[in-house]
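Data block for run-v1.csv (CSV, C-alpha atoms):
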chain,number,residue,atom,x,y,z
V,251,MET,CA,63.0,83.6,70.3
V,252,LYS,CA,63.4,80.1,68.9
V,253,LEU,CA,66.4,77.8,69.0
V,254,LYS,CA,67.2,74.1,68.8
V,255,ILE,CA,69.8,72.6,71.1
V,256,GLU,CA,71.4,69.2,71.5
V,257,ARG,CA,70.2,67.6,74.7
V,258,GLU,CA,73.8,67.0,76.0
V,259,GLU,CA,74.8,70.6,75.2
V,260,ILE,CA,72.0,72.2,77.2
V,261,GLN,CA,72.4,69.7,80.0
V,262,SER,CA,76.0,70.6,80.4
V,263,ALA,CA,75.3,74.4,80.3
V,264,LEU,CA,72.5,74.0,82.9
V,265,GLN,CA,74.6,71.8,85.2
V,266,ARG,CA,77.2,74.5,85.6
V,267,ILE,CA,74.7,77.0,87.1
V,268,GLN,CA,72.7,74.8,89.4
V,269,GLY,CA,74.9,75.7,92.4
V,270,VAL,CA,74.4,79.4,91.7
V,271,VAL,CA,70.7,79.8,91.1
V,272,GLU,CA,68.8,80.2,94.3
V,273,LYS,CA,66.4,77.4,95.3
V,274,LYS,CA,64.7,79.4,98.1
V,275,THR,CA,64.7,83.1,97.8
V,276,THR,CA,62.5,86.1,98.3
V,277,MET,CA,63.5,87.2,94.8
V,278,PRO,CA,61.9,84.8,92.4
V,279,ILE,CA,64.1,86.1,89.5
V,280,LEU,CA,67.1,84.5,91.2
V,281,CYS,CA,65.6,81.0,90.5
V,282,HIS,CA,65.9,81.8,86.8
V,283,PHE,CA,68.7,82.1,84.4
V,284,LEU,CA,68.8,84.6,81.5
V,285,LEU,CA,68.9,83.0,78.1
V,286,LYS,CA,69.9,85.2,75.1
V,287,ALA,CA,69.7,84.0,71.5
V,288,ASP,CA,71.5,86.1,69.0
V,289,LYS,CA,74.4,85.0,66.7
V,290,THR,CA,75.2,82.6,69.5
V,291,ALA,CA,73.3,81.3,72.5
V,292,SER,CA,74.3,82.4,76.0
V,293,ILE,CA,73.2,82.0,79.6
V,294,VAL,CA,73.7,84.1,82.7
V,295,ALA,CA,73.0,83.0,86.3
V,296,THR,CA,73.5,84.9,89.5
V,297,ASP,CA,72.8,84.8,93.2
V,298,LEU,CA,74.0,88.5,93.4
V,299,ASP,CA,77.4,87.4,94.8
V,300,ILE,CA,78.4,85.0,92.0
V,301,VAL,CA,77.8,85.4,88.3
V,302,ILE,CA,78.3,82.6,85.8
V,303,LYS,CA,78.2,83.4,82.1
V,304,GLY,CA,78.6,80.9,79.3
V,305,THR,CA,77.9,80.2,75.7
V,306,PHE,CA,76.8,77.0,74.1
V,307,LYS,CA,76.2,75.6,70.6
V,308,ALA,CA,72.6,76.0,69.3
V,309,ASP,CA,70.8,76.6,66.1
V,310,VAL,CA,69.3,80.0,66.5
V,311,ILE,CA,66.1,80.2,64.4
V,312,GLU,CA,64.7,83.5,65.9
V,313,LYS,CA,66.6,85.9,68.1
V,314,GLY,CA,65.4,86.9,71.5
V,315,SER,CA,65.9,86.7,75.3
V,316,LEU,CA,63.9,85.4,78.3
V,317,CYS,CA,64.5,84.4,82.0
V,318,ILE,CA,63.7,80.7,82.4
V,319,PRO,CA,63.3,78.6,85.6
V,320,ALA,CA,66.7,77.0,85.9
V,321,ARG,CA,65.9,73.9,88.0
V,322,LYS,CA,62.8,72.9,86.0
V,323,LEU,CA,64.5,73.2,82.6
V,324,PHE,CA,67.4,71.2,83.9
V,325,GLU,CA,65.1,68.4,85.1
V,326,ILE,CA,63.4,68.4,81.7
V,327,ALA,CA,66.7,68.2,79.9
V,328,LYS,CA,67.8,65.2,82.0
V,329,GLU,CA,64.7,63.2,81.3
V,330,VAL,CA,63.9,63.8,77.6
V,331,GLU,CA,65.6,61.6,75.0
V,332,ASP,CA,65.9,63.9,71.9
V,333,ASP,CA,67.2,67.4,71.1
V,334,ILE,CA,65.3,70.3,72.6
V,335,LEU,CA,63.4,73.1,70.8
V,336,LEU,CA,62.8,76.3,72.8
V,337,GLU,CA,60.2,78.7,71.6
V,338,SER,CA,59.2,81.9,73.5
V,339,GLN,CA,55.4,82.7,73.4
V,340,GLU,CA,53.1,85.4,74.6
V,341,ASN,CA,53.2,86.7,78.2
V,342,ASN,CA,56.8,85.3,78.7
V,343,TRP,CA,55.8,81.7,78.4
V,344,ILE,CA,58.3,79.3,76.9
V,345,LYS,CA,57.5,76.1,75.1
V,346,VAL,CA,59.9,73.2,75.4
V,347,SER,CA,59.7,70.4,72.9
V,348,SER,CA,61.6,67.2,72.6
V,349,GLY,CA,60.5,64.3,70.5
V,350,LYS,CA,56.8,63.7,71.4
V,351,SER,CA,57.2,65.5,74.8
V,352,THR,CA,56.0,69.1,75.2
V,353,PHE,CA,56.3,71.4,78.3
V,354,LYS,CA,55.3,75.0,79.0
V,355,LEU,CA,57.2,77.1,81.5
V,356,MET,CA,56.3,80.5,82.9
V,357,GLY,CA,59.3,82.8,82.3
V,358,LEU,CA,60.1,86.4,83.2
V,359,PRO,CA,61.2,89.3,80.9
V,360,GLU,CA,64.9,90.1,80.6
V,361,GLU,CA,64.2,93.6,82.1
V,362,GLU,CA,63.6,92.0,85.5
V,363,TYR,CA,67.0,90.3,85.6
V,364,PRO,CA,69.4,91.9,88.1
V,365,ALA,CA,72.1,94.3,86.8
V,366,LEU,CA,75.5,92.5,86.6
V,367,PRO,CA,78.6,94.0,88.2
V,368,GLU,CA,80.9,96.1,86.0
V,369,ILE,CA,84.4,94.8,86.3
V,370,SER,CA,87.5,96.9,85.6
V,371,ARG,CA,90.3,94.7,84.6
V,372,ILE,CA,93.1,96.1,86.7
V,373,ASP,CA,95.3,93.0,86.8
V,374,VAL,CA,95.1,89.8,84.7
V,375,LEU,CA,97.0,86.6,85.2
V,376,ASN,CA,97.0,83.3,83.5
V,377,MET,CA,97.2,80.1,85.6
V,378,ASN,CA,97.3,76.4,85.0
V,379,SER,CA,93.9,75.1,85.8
V,380,ASP,CA,95.2,72.0,87.7
V,381,VAL,CA,97.4,74.3,89.9
V,382,LEU,CA,94.4,76.5,90.8
V,383,LYS,CA,92.2,73.5,91.5
V,384,THR,CA,94.9,71.9,93.8
V,385,MET,CA,95.4,75.2,95.7
V,386,ILE,CA,91.7,75.5,96.4
V,387,GLU,CA,91.2,71.9,97.4
V,388,LYS,CA,94.2,72.0,99.8
V,389,THR,CA,92.8,75.1,101.7
V,390,ILE,CA,89.0,75.1,101.4
V,391,TYR,CA,88.4,72.4,104.0
V,392,ALA,CA,90.0,74.6,106.7
V,393,THR,CA,87.8,77.6,106.0
V,394,GLY,CA,84.9,78.6,108.3
V,395,ASP,CA,81.2,77.7,107.8
V,396,ASN,CA,79.0,80.7,108.7
V,397,ASP,CA,81.6,81.9,111.2
V,398,PRO,CA,80.7,85.2,112.8
V,399,ARG,CA,84.2,86.3,112.0
V,400,TYR,CA,83.0,86.6,108.4
V,401,THR,CA,86.5,87.0,106.8
V,402,LEU,CA,87.2,83.4,107.8
V,403,ASN,CA,84.3,82.1,105.6
V,404,GLY,CA,86.6,82.3,102.5
V,405,ILE,CA,90.0,81.6,101.1
V,406,LEU,CA,92.7,84.3,101.3
V,407,LEU,CA,94.3,84.9,97.9
V,408,HIS,CA,97.6,86.6,98.6
V,409,PHE,CA,99.4,87.8,95.5
V,410,ILE,CA,103.0,88.9,95.9
V,411,PRO,CA,104.7,90.4,92.8
V,412,LYS,CA,108.3,89.4,92.3
V,413,LYS,CA,110.8,89.5,89.4
V,414,LYS,CA,109.1,88.0,86.3
V,415,VAL,CA,106.8,85.9,88.5
V,416,VAL,CA,104.0,86.3,91.1
V,417,GLU,CA,104.1,84.4,94.3
V,418,LEU,CA,100.6,83.2,95.1
V,419,ARG,CA,99.5,82.0,98.5
V,420,PHE,CA,96.1,80.5,99.3
V,421,VAL,CA,95.2,80.4,103.0
V,422,GLY,CA,92.2,78.8,104.7
V,423,THR,CA,91.5,78.9,108.5
V,424,ASP,CA,88.6,78.6,110.9
V,425,GLY,CA,90.6,79.6,114.0
V,426,HIS,CA,91.2,75.9,115.0
V,427,ARG,CA,93.4,74.9,112.0
V,428,LEU,CA,95.1,76.6,109.1
V,429,SER,CA,96.3,75.5,105.7
V,430,LEU,CA,98.7,77.4,103.5
V,431,ILE,CA,99.9,76.5,100.0
V,432,THR,CA,102.4,78.6,97.9
V,433,LYS,CA,103.0,78.5,94.2
V,434,GLU,CA,104.8,80.8,91.7
V,435,ILE,CA,103.1,81.7,88.5
V,436,GLU,CA,104.2,83.7,85.5
V,437,GLY,CA,103.0,87.3,85.2
V,438,ASN,CA,103.2,90.8,86.5
V,439,LEU,CA,101.1,92.7,89.1
V,440,SER,CA,100.9,96.4,89.8
V,441,GLU,CA,101.1,95.8,93.5
V,442,GLU,CA,100.7,93.2,96.3
V,443,LYS,CA,97.1,92.1,96.7
V,444,LYS,CA,95.1,90.3,99.4
V,445,LEU,CA,91.6,89.1,98.3
V,446,ILE,CA,89.1,86.9,100.2
V,447,LEU,CA,87.2,84.5,97.9
V,448,PRO,CA,84.0,83.3,99.5
V,449,LYS,CA,83.8,79.6,100.1
V,450,LYS,CA,80.7,79.1,97.9
V,451,SER,CA,82.5,80.8,95.0
V,452,ALA,CA,85.5,78.4,95.5
V,453,VAL,CA,83.2,75.4,95.5
V,454,GLU,CA,81.6,76.5,92.2
V,455,LEU,CA,85.0,77.2,90.7
V,456,ILE,CA,86.2,73.7,91.5
V,457,LYS,CA,83.2,72.3,89.6
V,458,LEU,CA,84.2,74.3,86.5
V,459,LEU,CA,87.8,73.2,86.8
V,460,GLU,CA,86.8,69.6,86.8
V,461,GLU,CA,86.0,70.0,83.1
V,462,LYS,CA,88.8,69.4,80.7
V,463,VAL,CA,90.6,72.7,80.7
V,464,THR,CA,94.3,73.5,80.7
V,465,SER,CA,94.5,77.2,81.5
V,466,ILE,CA,92.4,79.9,83.1
V,467,GLU,CA,92.5,83.7,83.1
V,468,VAL,CA,92.3,85.3,86.5
V,469,GLY,CA,91.2,89.0,86.7
V,470,LEU,CA,91.6,91.0,89.9
V,471,ASP,CA,89.4,94.0,90.8
V,472,LYS,CA,88.9,96.0,93.9
V,473,ASN,CA,85.6,94.3,94.9
V,474,HIS,CA,85.5,91.3,92.5
V,475,VAL,CA,87.6,88.5,91.0
V,476,TYR,CA,86.8,86.7,87.8
V,477,PHE,CA,87.9,83.5,86.3
V,478,THR,CA,87.5,82.8,82.5
V,479,ILE,CA,87.7,79.2,81.5
V,480,GLU,CA,87.3,78.8,77.7
V,481,ASP,CA,83.7,79.9,77.0
V,482,VAL,CA,82.6,80.2,80.6
V,483,ALA,CA,83.3,83.0,83.0
V,484,LEU,CA,82.7,83.1,86.8
V,485,THR,CA,82.7,86.4,88.6
V,486,SER,CA,82.6,86.6,92.4
V,487,ARG,CA,82.1,89.4,94.9
V,488,LEU,CA,84.9,89.4,97.4
V,489,ILE,CA,84.5,89.3,101.2
V,490,GLU,CA,85.3,92.7,102.6
V,491,GLY,CA,87.4,93.0,105.7
V,492,THR,CA,90.9,92.2,107.0
V,493,TYR,CA,92.1,88.6,107.0
V,494,PRO,CA,94.0,87.5,110.1
V,495,ASN,CA,97.8,87.6,110.0
V,496,TYR,CA,98.3,84.0,109.0
V,497,GLU,CA,102.1,84.2,109.2
V,498,GLN,CA,101.9,84.8,112.9
V,499,VAL,CA,99.9,81.7,113.4
V,500,ILE,CA,102.6,79.4,112.0
V,501,PRO,CA,104.9,78.4,114.9
V,502,GLN,CA,108.7,78.8,114.3
V,503,GLY,CA,110.2,76.8,117.2
V,504,ASN,CA,108.7,73.4,116.9
V,505,GLU,CA,111.8,71.2,117.4
V,506,LYS,CA,110.1,67.8,118.1
V,507,LYS,CA,109.8,66.2,114.6
V,508,ALA,CA,108.1,62.9,113.9
V,509,THR,CA,107.7,61.2,110.5
V,510,ILE,CA,104.5,59.1,110.3
V,511,ASP,CA,103.1,56.9,107.6
V,512,ARG,CA,100.2,58.9,106.3
V,513,HIS,CA,97.8,56.1,105.3
V,514,GLY,CA,98.4,54.2,108.5
V,515,PHE,CA,97.9,57.3,110.6
V,516,LEU,CA,94.6,58.0,108.9
V,517,ARG,CA,93.3,54.5,109.4
V,518,ALA,CA,94.4,54.5,113.1
V,519,LEU,CA,92.6,57.9,113.6
V,520,LYS,CA,89.4,56.5,112.0
V,521,ARG,CA,89.4,53.5,114.3
V,522,THR,CA,90.4,55.4,117.5
V,523,SER,CA,87.9,58.3,117.0
V,524,ILE,CA,85.0,55.8,117.0
V,525,MET,CA,85.2,56.0,120.8
V,526,SER,CA,85.7,59.8,121.1
V,527,ARG,CA,83.1,62.2,122.4
V,528,GLU,CA,80.7,63.5,119.8
V,529,GLY,CA,81.3,67.2,119.2
V,530,THR,CA,84.9,67.2,120.3
V,531,ASN,CA,86.3,64.2,118.5
V,532,ALA,CA,89.2,64.4,120.8
V,533,VAL,CA,92.1,61.9,120.4
V,534,ARG,CA,95.2,61.9,122.6
V,535,LEU,CA,98.6,61.3,120.9
V,536,ASP,CA,101.4,59.9,123.1
V,537,ILE,CA,104.6,60.3,121.0
V,538,GLU,CA,107.6,58.3,122.3
V,539,THR,CA,110.8,57.1,120.7
V,540,ASN,CA,109.8,55.5,117.3
V,541,ARG,CA,106.2,54.9,118.7
V,542,LEU,CA,102.9,56.7,118.5
V,543,ILE,CA,100.0,55.7,120.8
V,544,LEU,CA,96.5,57.0,120.0
V,545,ILE,CA,93.9,57.0,122.8
V,546,SER,CA,90.3,58.2,123.0
V,547,ILE,CA,88.2,57.9,126.1
V,548,ASN,CA,84.5,58.5,126.4
V,549,PRO,CA,83.3,57.9,130.0
V,550,ASP,CA,79.8,57.1,128.8
V,551,ILE,CA,80.9,54.4,126.2
V,552,GLY,CA,84.4,53.2,126.7
V,553,GLU,CA,87.8,53.8,125.2
V,554,ALA,CA,90.1,52.9,122.3
V,555,ARG,CA,93.9,52.5,122.1
V,556,GLU,CA,96.2,51.8,119.2
V,557,GLU,CA,99.9,51.8,118.6
V,558,MET,CA,101.9,52.4,115.4
V,559,ASP,CA,105.6,52.6,114.5
V,560,ILE,CA,106.9,56.1,113.6
V,561,GLN,CA,110.3,57.8,113.1
V,562,TYR,CA,110.9,59.9,116.2
V,563,LYS,CA,113.9,60.5,118.5
V,564,GLY,CA,113.5,62.9,121.4
V,565,GLU,CA,111.7,63.8,124.5
V,566,SER,CA,108.3,62.1,124.9
V,567,ILE,CA,105.2,64.3,124.4
V,568,SER,CA,101.5,63.8,125.0
V,569,THR,CA,99.0,66.1,123.3
V,570,GLY,CA,95.4,66.0,122.0
V,571,PHE,CA,93.7,67.0,118.8
V,572,ASN,CA,90.4,67.0,117.1
V,573,ALA,CA,90.6,63.7,115.1
V,574,ARG,CA,88.4,65.0,112.3
V,575,TYR,CA,90.7,68.0,111.8
V,576,LEU,CA,93.7,65.7,111.7
V,577,MET,CA,92.0,63.4,109.2
V,578,ASP,CA,91.1,66.4,107.0
V,579,ILE,CA,94.7,67.3,106.8
V,580,LEU,CA,95.9,63.8,106.1
V,581,ARG,CA,93.4,63.5,103.2
V,582,SER,CA,94.6,66.8,101.7
V,583,VAL,CA,98.4,66.1,101.7
V,584,ASP,CA,100.2,64.0,99.1
V,585,GLY,CA,102.8,61.3,99.6
V,586,ASP,CA,103.1,58.2,101.7
V,587,SER,CA,104.6,60.0,104.8
V,588,ILE,CA,103.9,63.1,106.7
V,589,ARG,CA,106.1,65.1,109.1
V,590,MET,CA,104.6,66.4,112.3
V,591,ASP,CA,106.4,69.2,114.2
V,592,LEU,CA,105.6,69.8,117.8
V,593,GLN,CA,106.8,71.9,120.7
V,594,ASP,CA,104.8,71.2,123.9
V,595,PRO,CA,101.3,69.8,124.7
V,596,LEU,CA,99.5,73.2,124.4
V,597,SER,CA,101.3,74.6,121.3
V,598,PRO,CA,100.1,74.3,117.7
V,599,ALA,CA,101.4,71.5,115.7
V,600,ILE,CA,102.7,71.7,112.1
V,601,LEU,CA,102.0,69.0,109.5
V,602,ARG,CA,103.9,69.0,106.2
V,603,GLU,CA,104.5,66.7,103.3
V,604,VAL,CA,107.9,65.1,103.7
V,605,GLU,CA,108.9,65.7,100.1
V,606,GLY,CA,107.2,69.1,99.6
V,607,LYS,CA,107.8,72.5,101.1
V,608,ASP,CA,105.0,74.5,99.5
V,609,TYR,CA,102.2,73.1,101.7
V,610,THR,CA,101.9,73.8,105.4
V,611,CYS,CA,99.1,72.8,107.8
V,612,VAL,CA,98.7,74.0,111.4
V,613,ILE,CA,96.4,72.5,114.0
V,614,MET,CA,95.6,73.8,117.5
V,615,PRO,CA,95.8,71.3,120.4
V,616,MET,CA,93.0,70.3,122.8
V,617,ARG,CA,93.1,69.9,126.5
V,618,ILE,CA,92.5,66.2,127.3
Rendering of file as structure tokens:
Amino acid sequence: MKLKIEREEIQSALQRIQGVVEKKTTMPILCHFLLKADKTASIVATDLDIVIKGTFKADVIEKGSLCIPARKLFEIAKEVEDDILLESQENNWIKVSSGKSTFKLMGLPEEEYPALPEISRIDVLNMNSDVLKTMIEKTIYATGDNDPRYTLNGILLHFIPKKKVVELRFVGTDGHRLSLITKEIEGNLSEEKKLILPKKSAVELIKLLEEKVTSIEVGLDKNHVYFTIEDVALTSRLIEGTYPNYEQVIPQGNEKKATIDRHGFLRALKRTSIMSREGTNAVRLDIETNRLILISINPDIGEAREEMDIQYKGESISTGFNARYLMDILRSVDGDSIRMDLQDPLSPAILREVEGKDYTCVIMPMRI
């Protein structure tokens, strides 16, 4: 195998796979990517749950294939100043040349690379890449991190077929908060589907969507979902299990409605939470007619208190929340104002964008 590649081209290709190749693993092959040089050059990287395949421009001089250490070649590509020449040698070594620099890396034969999952394209949809990116970003923050309730460690993708369109709902929850965003996309589905996309897969997908793309093909399978973005494809294993009934979590009777300046609320929470207890980040909210009072008390340090004007008419209510969870929501919503719907001090609160109806956030209260 022998091929010449522009430095920026291979840098870009290797950058895409850095989050997938394993840094520390009992399977050394997972630290490698598979490079194939035929009529075109292509790379494959996997951690056994996620697969990223891509092609890139190269001058293929001799055909061949080899598994190459992903991190080291990426570091080389970042530091050299000229185009790169890759030449496979005996015993799976690969020579890397650029200008007056030469490197030799120990590779592994293609035969050792893990078998990739076979995907049957049961249903295929096309989405606007900006819409998909937005839906992930507005739900991923609420998903669990290594939660023993493993289904919470991912985003629920709920596909509901309707006439000429598919209603798509993305849901994230860790049991303390929930975010739900709904969009309609063109297409047809054979049946309603609920798939749980792992958080790591969602993170890697966002990275791909940050590149200049306009549309993406989404393929749905029983155990996998794949996303094709121009010449790059990401395939992810789904989390098995039953996702909680998210519709039951969203309260229906919250009659106390306050409209709050989003930016001012966020700044006030940042200041007030400085004095909150570490671990709980608890902040009390006293909501009165056209006034919000934020209070945090830490017996070992002191306390903080701040007032701000809001739009609210109704019975006063005092409740507490994790300030970090509230700030996550305020960063994820759009617009200058947010509406907060409450019922009583121990009931979940709903936060929504004032102008939009497709994004809903729920947060559980804390006893203060």
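Among V:Ser292, V:Leu358, V:Lys254, V:Lys322, the residue with the shortest atom-to-atom distance to V:Leu336, counting all atoms listed in the file, is V:Lys254.
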Discussion item. So that I can see what lies close to stretch 307-312 of chain V, please list as JSON, numbers by chain the residues with an atom at most 8 Å from it, counting all atoms listed in the file and leaving out residues fewer than 3 positions away in the same chain.
Written reply: {"V": [251, 252, 253, 254, 255, 256, 259, 287, 288, 289, 290, 291]}
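Going from atom CA of V:Leu542 over to atom CA of V:Leu576, you cover 14.6 Å.
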Item to complete: Just the residues within 7 Å of V:Leu375, please, counting only C-alpha atoms, with nothing from its chain fewer than 3 positions along; format it as a ChimeraX atom specification.
Response: /V:437,467-469
Discussion item. I'd like the interatomic distance between atom CA of V:Thr432 and atom CA of V:Asp608, to a tenth of an Å.
Written reply: 5.1 Å
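Interatomic distance, atom CA of V:Phe571 to atom CA of V:Asn531: 7.9 Å.
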Discussion item. Residues within 10 Å of (106.5, 78.9, 117.3), file coordinates, counting only C-alpha atoms: what are they? Give the list as a PyMOL selection string.
Written reply: chain V and resi 498-505+592-593+597-600
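For the residues V:Val421, V:Leu335, V:Leu455, V:Ile302, ranking by smallest atom-to-atom distance to V:Ala263 using only C-alpha atoms places V:Ile302 first.
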Discussion item. Applying 6 Å and all atoms listed in the file, which residues near stretch 294-301 of chain V remain after dropping the ones on its own chain fewer than 3 positions away? List them as a PyMOL selection string.
Written reply: chain V and resi 270-271+283-284+484-487
Would you mind putting N, CA and C atoms back on stretch 280-297 of chain V and writing the result as a PDB file, keeping the file's coordinate frame?
ATOM      1  N   LEU V 280      65.855  85.162  90.942  1.00  0.00           N
ATOM      2  CA  LEU V 280      67.100  84.500  91.200  1.00  0.00           C
ATOM      3  C   LEU V 280      66.997  82.959  91.002  1.00  0.00           C
ATOM      4  N   CYS V 281      65.764  82.461  90.866  1.00  0.00           N
ATOM      5  CA  CYS V 281      65.600  81.000  90.500  1.00  0.00           C
ATOM      6  C   CYS V 281      65.654  80.829  89.024  1.00  0.00           C
ATOM      7  N   HIS V 282      65.821  81.906  88.278  1.00  0.00           N
ATOM      8  CA  HIS V 282      65.900  81.800  86.800  1.00  0.00           C
ATOM      9  C   HIS V 282      67.270  82.115  86.301  1.00  0.00           C
ATOM     10  N   PHE V 283      67.509  81.720  85.070  1.00  0.00           N
ATOM     11  CA  PHE V 283      68.700  82.100  84.400  1.00  0.00           C
ATOM     12  C   PHE V 283      68.237  82.933  83.132  1.00  0.00           C
ATOM     13  N   LEU V 284      69.108  83.797  82.660  1.00  0.00           N
ATOM     14  CA  LEU V 284      68.800  84.600  81.500  1.00  0.00           C
ATOM     15  C   LEU V 284      69.360  83.923  80.250  1.00  0.00           C
ATOM     16  N   LEU V 285      68.477  83.602  79.320  1.00  0.00           N
ATOM     17  CA  LEU V 285      68.900  83.000  78.100  1.00  0.00           C
ATOM     18  C   LEU V 285      68.808  84.054  76.963  1.00  0.00           C
ATOM     19  N   LYS V 286      69.911  84.222  76.246  1.00  0.00           N
ATOM     20  CA  LYS V 286      69.900  85.200  75.100  1.00  0.00           C
ATOM     21  C   LYS V 286      70.286  84.384  73.851  1.00  0.00           C
ATOM     22  N   ALA V 287      69.482  84.590  72.822  1.00  0.00           N
ATOM     23  CA  ALA V 287      69.700  84.000  71.500  1.00  0.00           C
ATOM     24  C   ALA V 287      69.960  85.046  70.495  1.00  0.00           C
ATOM     25  N   ASP V 288      71.196  85.130  70.024  1.00  0.00           N
ATOM     26  CA  ASP V 288      71.500  86.100  69.000  1.00  0.00           C
ATOM     27  C   ASP V 288      72.340  85.339  67.933  1.00  0.00           C
ATOM     28  N   LYS V 289      73.518  85.804  67.614  1.00  0.00           N
ATOM     29  CA  LYS V 289      74.400  85.000  66.700  1.00  0.00           C
ATOM     30  C   LYS V 289      74.802  83.734  67.381  1.00  0.00           C
ATOM     31  N   THR V 290      74.955  83.800  68.702  1.00  0.00           N
ATOM     32  CA  THR V 290      75.200  82.600  69.500  1.00  0.00           C
ATOM     33  C   THR V 290      74.212  82.561  70.648  1.00  0.00           C
ATOM     34  N   ALA V 291      74.156  81.451  71.352  1.00  0.00           N
ATOM     35  CA  ALA V 291      73.300  81.300  72.500  1.00  0.00           C
ATOM     36  C   ALA V 291      74.112  81.429  73.776  1.00  0.00           C
ATOM     37  N   SER V 292      73.612  82.178  74.758  1.00  0.00           N
ATOM     38  CA  SER V 292      74.300  82.400  76.000  1.00  0.00           C
ATOM     39  C   SER V 292      73.408  82.329  77.186  1.00  0.00           C
ATOM     40  N   ILE V 293      73.957  81.968  78.353  1.00  0.00           N
ATOM     41  CA  ILE V 293      73.200  82.000  79.600  1.00  0.00           C
ATOM     42  C   ILE V 293      73.910  82.754  80.644  1.00  0.00           C
ATOM     43  N   VAL V 294      73.142  83.346  81.545  1.00  0.00           N
ATOM     44  CA  VAL V 294      73.700  84.100  82.700  1.00  0.00           C
ATOM     45  C   VAL V 294      72.906  83.626  83.919  1.00  0.00           C
ATOM     46  N   ALA V 295      73.623  83.305  85.008  1.00  0.00           N
ATOM     47  CA  ALA V 295      73.000  83.000  86.300  1.00  0.00           C
ATOM     48  C   ALA V 295      73.697  83.704  87.396  1.00  0.00           C
ATOM     49  N   THR V 296      72.937  84.134  88.400  1.00  0.00           N
ATOM     50  CA  THR V 296      73.500  84.900  89.500  1.00  0.00           C
ATOM     51  C   THR V 296      72.744  84.672  90.792  1.00  0.00           C
ATOM     52  N   ASP V 297      73.438  84.767  91.929  1.00  0.00           N
ATOM     53  CA  ASP V 297      72.800  84.800  93.200  1.00  0.00           C
ATOM     54  C   ASP V 297      73.087  86.191  93.881  1.00  0.00           C
TER      55      ASP V 297
END
